[in-house]
Amino acid sequence: MSFGSGGRSMVNTLVIINVIAFFVDWLVFGSRLAGHFDLQAGGFVPGLASVHADTLLHPLMWWRFLTYGFLHSQSDIWHIIGNMFVLWMFGRQIEERYGGAEFLRIYLVSVILGGVFWSAVCLATGAINGSVVGASGAVTTVLILFICNYPRVTIYVSLLFPVPAWLVGVVLIGFNVMGAFGNGQSNVAFTVHLAGAAFGLAYFYGGWNLGFLTFGGLPERLRESMKRKPNLKVHSPPEDDPYYDSNDEAERILDKIRDEGMSSLTATEKRKLEAYSRRMKQKHS
């Protein structure tokens with residue numbers, strides 16, 4: 001698969017944002033955004049921007065259902081490393097499959113649903129202490145979408161053991177179900193992972209599209225801010241080129257690739273894009 005997009009991918013942008021948030025929380029806020037241990041305060045202190053067990057009951061705090069997904073534990077470096085590696089490894093194919101704007105919508109909706117579901121489960125079970133941070137719910141959605149789209153692809157678990165993608169999905173869901181309903185204590189938010197997996201399955205098998213969500217035009221503004229002119233050269237088109245079209249048409253096709261992926265192009269649009277590329281190379285040759 002090809003991952004060139006004429007600009008920074010949405011996956012890379014999300015990885016960068018998460019890493020920046022991690023270091024800002026560490027260096028500027030002393031881990032107070034995600035949460036930190038304070039012996040004088042009696043142990044773990046929930047973060048200022050994390051989701052608390054009762055966040056669902058406080059509408060003025062609902063912004064935390066988004067911010068928690070961009071924060072990670074400062075006491076376990078593998079928390080952010082693991083999440084960002086899986087996001088980068090599998091998110092690129094999903095971004096190419098659905099387009100950058102739709103990928104961002106999927107990611108943000110998954111973050112929000114995971115936080116809401118976790119808070120709701122805590123309230124329902126009476127577990128009113130603690131907080132949750134991390135991108136693992138959204139990353140689980142991305143991984144499940146990859147597995148649904150490419151079930152027979154081989155995934156190397158721990159970079160060593162070849163396993164078909166569908167089996168990874170079965171084990172992943174089973175492990176989180178056992179963790180969520182087990183009696184043992186754990187600092188892993190299994191219910192957030194399950195919410196992410198459920199959303200990914202519903203999105204794929206329901207044939208969903210979140211294009212109606214604009215988040216105030218955020219996906220489009222991010223795409224425009226990341227846009228770089230493709231590395232193509234302009235030349236004067238031959239008069240007899242049946243697929244010659246205006247530069248505006250070529251730009252429309254390139255925008256469609258960024259939004260919806262290469263697979264969204266019709267055969268005619270692909271030929272027009274090839275003709276446009278040839279013209280540009282000829283001019284500068």
# chains A, B, ... in the order shown; residues from 1 in each chain; ligands from 1
call {"tool": "residues_around", "arguments": {"residues": "Ala197 (chain A)", "least_positions_apart": "2", "cutoff": "8 Å", "atoms": "only C-alpha atoms", "output": "mmCIF file with all heavy atoms, in the first residue's frame"}}
result
data_model
loop_
_atom_site.group_PDB
_atom_site.id
_atom_site.type_symbol
_atom_site.label_atom_id
_atom_site.label_comp_id
_atom_site.auth_asym_id
_atom_site.auth_seq_id
_atom_site.Cartn_x
_atom_site.Cartn_y
_atom_site.Cartn_z
ATOM 1 N N GLY A 137 -8.673 3.354 23.840
ATOM 2 C CA GLY A 137 -10.006 3.075 23.307
ATOM 3 C C GLY A 137 -10.091 3.372 21.824
ATOM 4 O O GLY A 137 -10.576 2.554 21.024
ATOM 5 N N THR A 140 -7.940 0.961 19.878
ATOM 6 C CA THR A 140 -8.634 -0.317 19.719
ATOM 7 C C THR A 140 -9.616 -0.257 18.559
ATOM 8 O O THR A 140 -9.725 -1.208 17.772
ATOM 9 C CB THR A 140 -9.384 -0.697 21.012
ATOM 10 O OG1 THR A 140 -8.441 -0.802 22.088
ATOM 11 C CG2 THR A 140 -10.101 -2.026 20.857
ATOM 12 N N THR A 141 -10.321 0.858 18.425
ATOM 13 C CA THR A 141 -11.230 1.031 17.287
ATOM 14 C C THR A 141 -10.469 0.922 15.978
ATOM 15 O O THR A 141 -10.905 0.243 15.035
ATOM 16 C CB THR A 141 -11.935 2.397 17.361
ATOM 17 O OG1 THR A 141 -12.747 2.455 18.530
ATOM 18 C CG2 THR A 141 -12.811 2.623 16.135
ATOM 19 N N ILE A 144 -9.416 -2.714 15.365
ATOM 20 C CA ILE A 144 -10.562 -3.541 14.974
ATOM 21 C C ILE A 144 -10.979 -3.247 13.534
ATOM 22 O O ILE A 144 -11.313 -4.173 12.765
ATOM 23 C CB ILE A 144 -11.742 -3.311 15.933
ATOM 24 C CG1 ILE A 144 -11.440 -3.924 17.304
ATOM 25 C CG2 ILE A 144 -13.031 -3.895 15.366
ATOM 26 C CD1 ILE A 144 -11.294 -5.442 17.299
ATOM 27 N N ILE A 173 -10.620 -9.115 21.964
ATOM 28 C CA ILE A 173 -11.940 -8.901 22.569
ATOM 29 C C ILE A 173 -12.146 -9.836 23.764
ATOM 30 O O ILE A 173 -12.633 -9.424 24.820
ATOM 31 C CB ILE A 173 -13.048 -9.098 21.521
ATOM 32 C CG1 ILE A 173 -12.948 -7.996 20.449
ATOM 33 C CG2 ILE A 173 -14.425 -9.093 22.181
ATOM 34 C CD1 ILE A 173 -13.913 -8.170 19.291
ATOM 35 N N HIS A 193 -11.589 -0.169 26.267
ATOM 36 C CA HIS A 193 -11.197 -0.977 25.110
ATOM 37 C C HIS A 193 -12.414 -1.643 24.468
ATOM 38 O O HIS A 193 -12.533 -1.687 23.233
ATOM 39 C CB HIS A 193 -10.204 -2.060 25.543
ATOM 40 C CG HIS A 193 -8.950 -1.535 26.144
ATOM 41 N ND1 HIS A 193 -8.031 -2.342 26.769
ATOM 42 C CD2 HIS A 193 -8.450 -0.276 26.235
ATOM 43 C CE1 HIS A 193 -7.025 -1.620 27.211
ATOM 44 N NE2 HIS A 193 -7.267 -0.340 26.899
ATOM 45 N N LEU A 194 -13.309 -2.159 25.298
ATOM 46 C CA LEU A 194 -14.505 -2.816 24.766
ATOM 47 C C LEU A 194 -15.403 -1.835 24.038
ATOM 48 O O LEU A 194 -15.998 -2.164 23.008
ATOM 49 C CB LEU A 194 -15.274 -3.500 25.895
ATOM 50 C CG LEU A 194 -14.617 -4.750 26.489
ATOM 51 C CD1 LEU A 194 -15.424 -5.271 27.674
ATOM 52 C CD2 LEU A 194 -14.478 -5.837 25.431
ATOM 53 N N ALA A 195 -15.501 -0.617 24.560
ATOM 54 C CA ALA A 195 -16.289 0.409 23.867
ATOM 55 C C ALA A 195 -15.676 0.713 22.510
ATOM 56 O O ALA A 195 -16.387 0.862 21.509
ATOM 57 C CB ALA A 195 -16.357 1.678 24.718
ATOM 58 N N PHE A 199 -17.505 -0.039 18.902
ATOM 59 C CA PHE A 199 -17.708 1.035 17.932
ATOM 60 C C PHE A 199 -17.096 0.666 16.585
ATOM 61 O O PHE A 199 -17.692 0.898 15.525
ATOM 62 C CB PHE A 199 -17.098 2.332 18.453
ATOM 63 C CG PHE A 199 -17.179 3.481 17.484
ATOM 64 C CD1 PHE A 199 -18.398 3.905 16.993
ATOM 65 C CD2 PHE A 199 -16.027 4.131 17.048
ATOM 66 C CE1 PHE A 199 -18.481 4.964 16.081
ATOM 67 C CE2 PHE A 199 -16.096 5.176 16.152
ATOM 68 C CZ PHE A 199 -17.326 5.605 15.663
ATOM 69 N N GLY A 200 -15.887 0.084 16.608
ATOM 70 C CA GLY A 200 -15.250 -0.326 15.358
ATOM 71 C C GLY A 200 -16.073 -1.367 14.613
ATOM 72 O O GLY A 200 -16.248 -1.280 13.391
ATOM 73 N N LEU A 201 -16.601 -2.355 15.330
ATOM 74 C CA LEU A 201 -17.423 -3.391 14.706
ATOM 75 C C LEU A 201 -18.714 -2.802 14.143
ATOM 76 O O LEU A 201 -19.144 -3.137 13.035
ATOM 77 C CB LEU A 201 -17.741 -4.487 15.724
ATOM 78 C CG LEU A 201 -16.565 -5.364 16.159
ATOM 79 C CD1 LEU A 201 -16.968 -6.246 17.334
ATOM 80 C CD2 LEU A 201 -16.070 -6.215 14.998
#
call {"tool": "select_by_dssp", "arguments": {"residues": "region 39-171 of chain A", "states": "strand (DSSP E)", "output": "ChimeraX atom specification"}}
result
/A:43-46,51-52,131-132,154-157,161-164
call {"tool": "write_last_selection", "arguments": {"atoms": "N, CA and C atoms", "output": "mmCIF file, in the first residue's frame"}}
result
data_model
loop_
_atom_site.group_PDB
_atom_site.id
_atom_site.type_symbol
_atom_site.label_atom_id
_atom_site.label_comp_id
_atom_site.auth_asym_id
_atom_site.auth_seq_id
_atom_site.Cartn_x
_atom_site.Cartn_y
_atom_site.Cartn_z
ATOM 1 N N GLY A 43 -1.969 9.106 48.200
ATOM 2 C CA GLY A 43 -1.877 8.163 47.084
ATOM 3 C C GLY A 43 -2.064 8.836 45.748
ATOM 4 N N PHE A 44 -2.813 8.178 44.859
ATOM 5 C CA PHE A 44 -2.985 8.692 43.502
ATOM 6 C C PHE A 44 -3.986 9.844 43.477
ATOM 7 N N VAL A 45 -3.591 10.934 42.809
ATOM 8 C CA VAL A 45 -4.460 12.110 42.656
ATOM 9 C C VAL A 45 -4.975 12.144 41.218
ATOM 10 N N PRO A 46 -6.293 12.042 40.976
ATOM 11 C CA PRO A 46 -6.837 12.074 39.614
ATOM 12 C C PRO A 46 -6.429 13.340 38.881
ATOM 13 N N VAL A 51 -10.778 11.745 32.762
ATOM 14 C CA VAL A 51 -12.173 11.420 33.058
ATOM 15 C C VAL A 51 -12.232 10.771 34.429
ATOM 16 N N HIS A 52 -13.053 11.323 35.316
ATOM 17 C CA HIS A 52 -13.260 10.748 36.636
ATOM 18 C C HIS A 52 -14.499 9.855 36.600
ATOM 19 N N SER A 131 -9.669 7.457 37.956
ATOM 20 C CA SER A 131 -9.799 8.229 36.721
ATOM 21 C C SER A 131 -9.185 7.431 35.588
ATOM 22 N N VAL A 132 -9.421 7.867 34.373
ATOM 23 C CA VAL A 132 -8.893 7.154 33.214
ATOM 24 C C VAL A 132 -8.282 8.150 32.226
ATOM 25 N N THR A 154 -1.426 -11.211 7.891
ATOM 26 C CA THR A 154 -0.649 -11.753 9.005
ATOM 27 C C THR A 154 -0.116 -10.629 9.882
ATOM 28 N N ILE A 155 -0.371 -10.714 11.172
ATOM 29 C CA ILE A 155 0.149 -9.763 12.148
ATOM 30 C C ILE A 155 1.184 -10.488 13.002
ATOM 31 N N TYR A 156 2.319 -9.866 13.179
ATOM 32 C CA TYR A 156 3.376 -10.465 13.990
ATOM 33 C C TYR A 156 3.233 -9.967 15.430
ATOM 34 N N VAL A 157 2.666 -10.803 16.281
ATOM 35 C CA VAL A 157 2.466 -10.463 17.689
ATOM 36 C C VAL A 157 3.825 -10.430 18.377
ATOM 37 N N PHE A 161 5.641 -13.574 16.424
ATOM 38 C CA PHE A 161 4.742 -14.692 16.158
ATOM 39 C C PHE A 161 3.697 -14.327 15.106
ATOM 40 N N PRO A 162 3.734 -14.996 13.936
ATOM 41 C CA PRO A 162 2.758 -14.693 12.875
ATOM 42 C C PRO A 162 1.373 -15.240 13.209
ATOM 43 N N VAL A 163 0.381 -14.351 13.210
ATOM 44 C CA VAL A 163 -0.989 -14.725 13.555
ATOM 45 C C VAL A 163 -1.923 -14.016 12.577
ATOM 46 N N PRO A 164 -2.962 -14.698 12.075
ATOM 47 C CA PRO A 164 -3.918 -14.008 11.196
ATOM 48 C C PRO A 164 -4.654 -12.908 11.957
#
call {"tool": "closest_residue", "arguments": {"among": "A:Gly35, A:Cys148, A:Ala250, A:Ile94", "to": "Ala202 (chain A)", "atoms": "only C-alpha atoms"}}
result
A:Cys148
call {"tool": "residues_around", "arguments": {"residues": "region 68-73 of chain A", "least_positions_apart": "4", "cutoff": "10 Å", "atoms": "only C-alpha atoms", "output": "VMD selection string"}}
result
chain A and resid 14 to 15 17 to 26 31 33 to 36 47 to 52 63 to 64 77 to 81 83 107 to 108 110 to 112 114 to 115 131 to 139
call {"tool": "closest_residue", "arguments": {"among": "A:Leu213, A:Val192, A:Trp208, A:Met61", "to": "Ala180 (chain A)", "atoms": "only C-alpha atoms"}}
result
A:Val192
call {"tool": "closest_residue", "arguments": {"among": "A:Phe204, A:Val188, A:Ile106, A:Gly182", "to": "Tyr150 (chain A)", "atoms": "only C-alpha atoms"}}
result
A:Phe204
call {"tool": "residues_around", "arguments": {"residues": "Tyr98 (chain A)", "least_positions_apart": "6", "cutoff": "12 Å", "atoms": "only C-alpha atoms", "output": "ChimeraX atom specification"}}
result
/A:10,91-92,104-107,142,145-146,149,203-204,207-211,256-264
call {"tool": "atom_distance", "arguments": {"atom1": "CA of Asn176 (chain A)", "atom2": "CA of Thr191 (chain A)"}}
result
7.4 Å
call {"tool": "atom_distance", "arguments": {"atom1": "CA of Arg252 (chain A)", "atom2": "CA of Leu273 (chain A)"}}
result
10.1 Å
call {"tool": "atom_distance", "arguments": {"atom1": "CA of Gly30 (chain A)", "atom2": "CA of Ala189 (chain A)"}}
result
22.9 Å
call {"tool": "closest_residue", "arguments": {"among": "A:Leu160, A:Gln74, A:Leu172, A:Val109", "to": "Phe29 (chain A)", "atoms": "only C-alpha atoms"}}
result
A:Gln74
call {"tool": "closest_residue", "arguments": {"among": "A:Val171, A:Leu123, A:Asp54, A:Gly130", "to": "Ser186 (chain A)", "atoms": "only C-alpha atoms"}}
result
A:Gly130
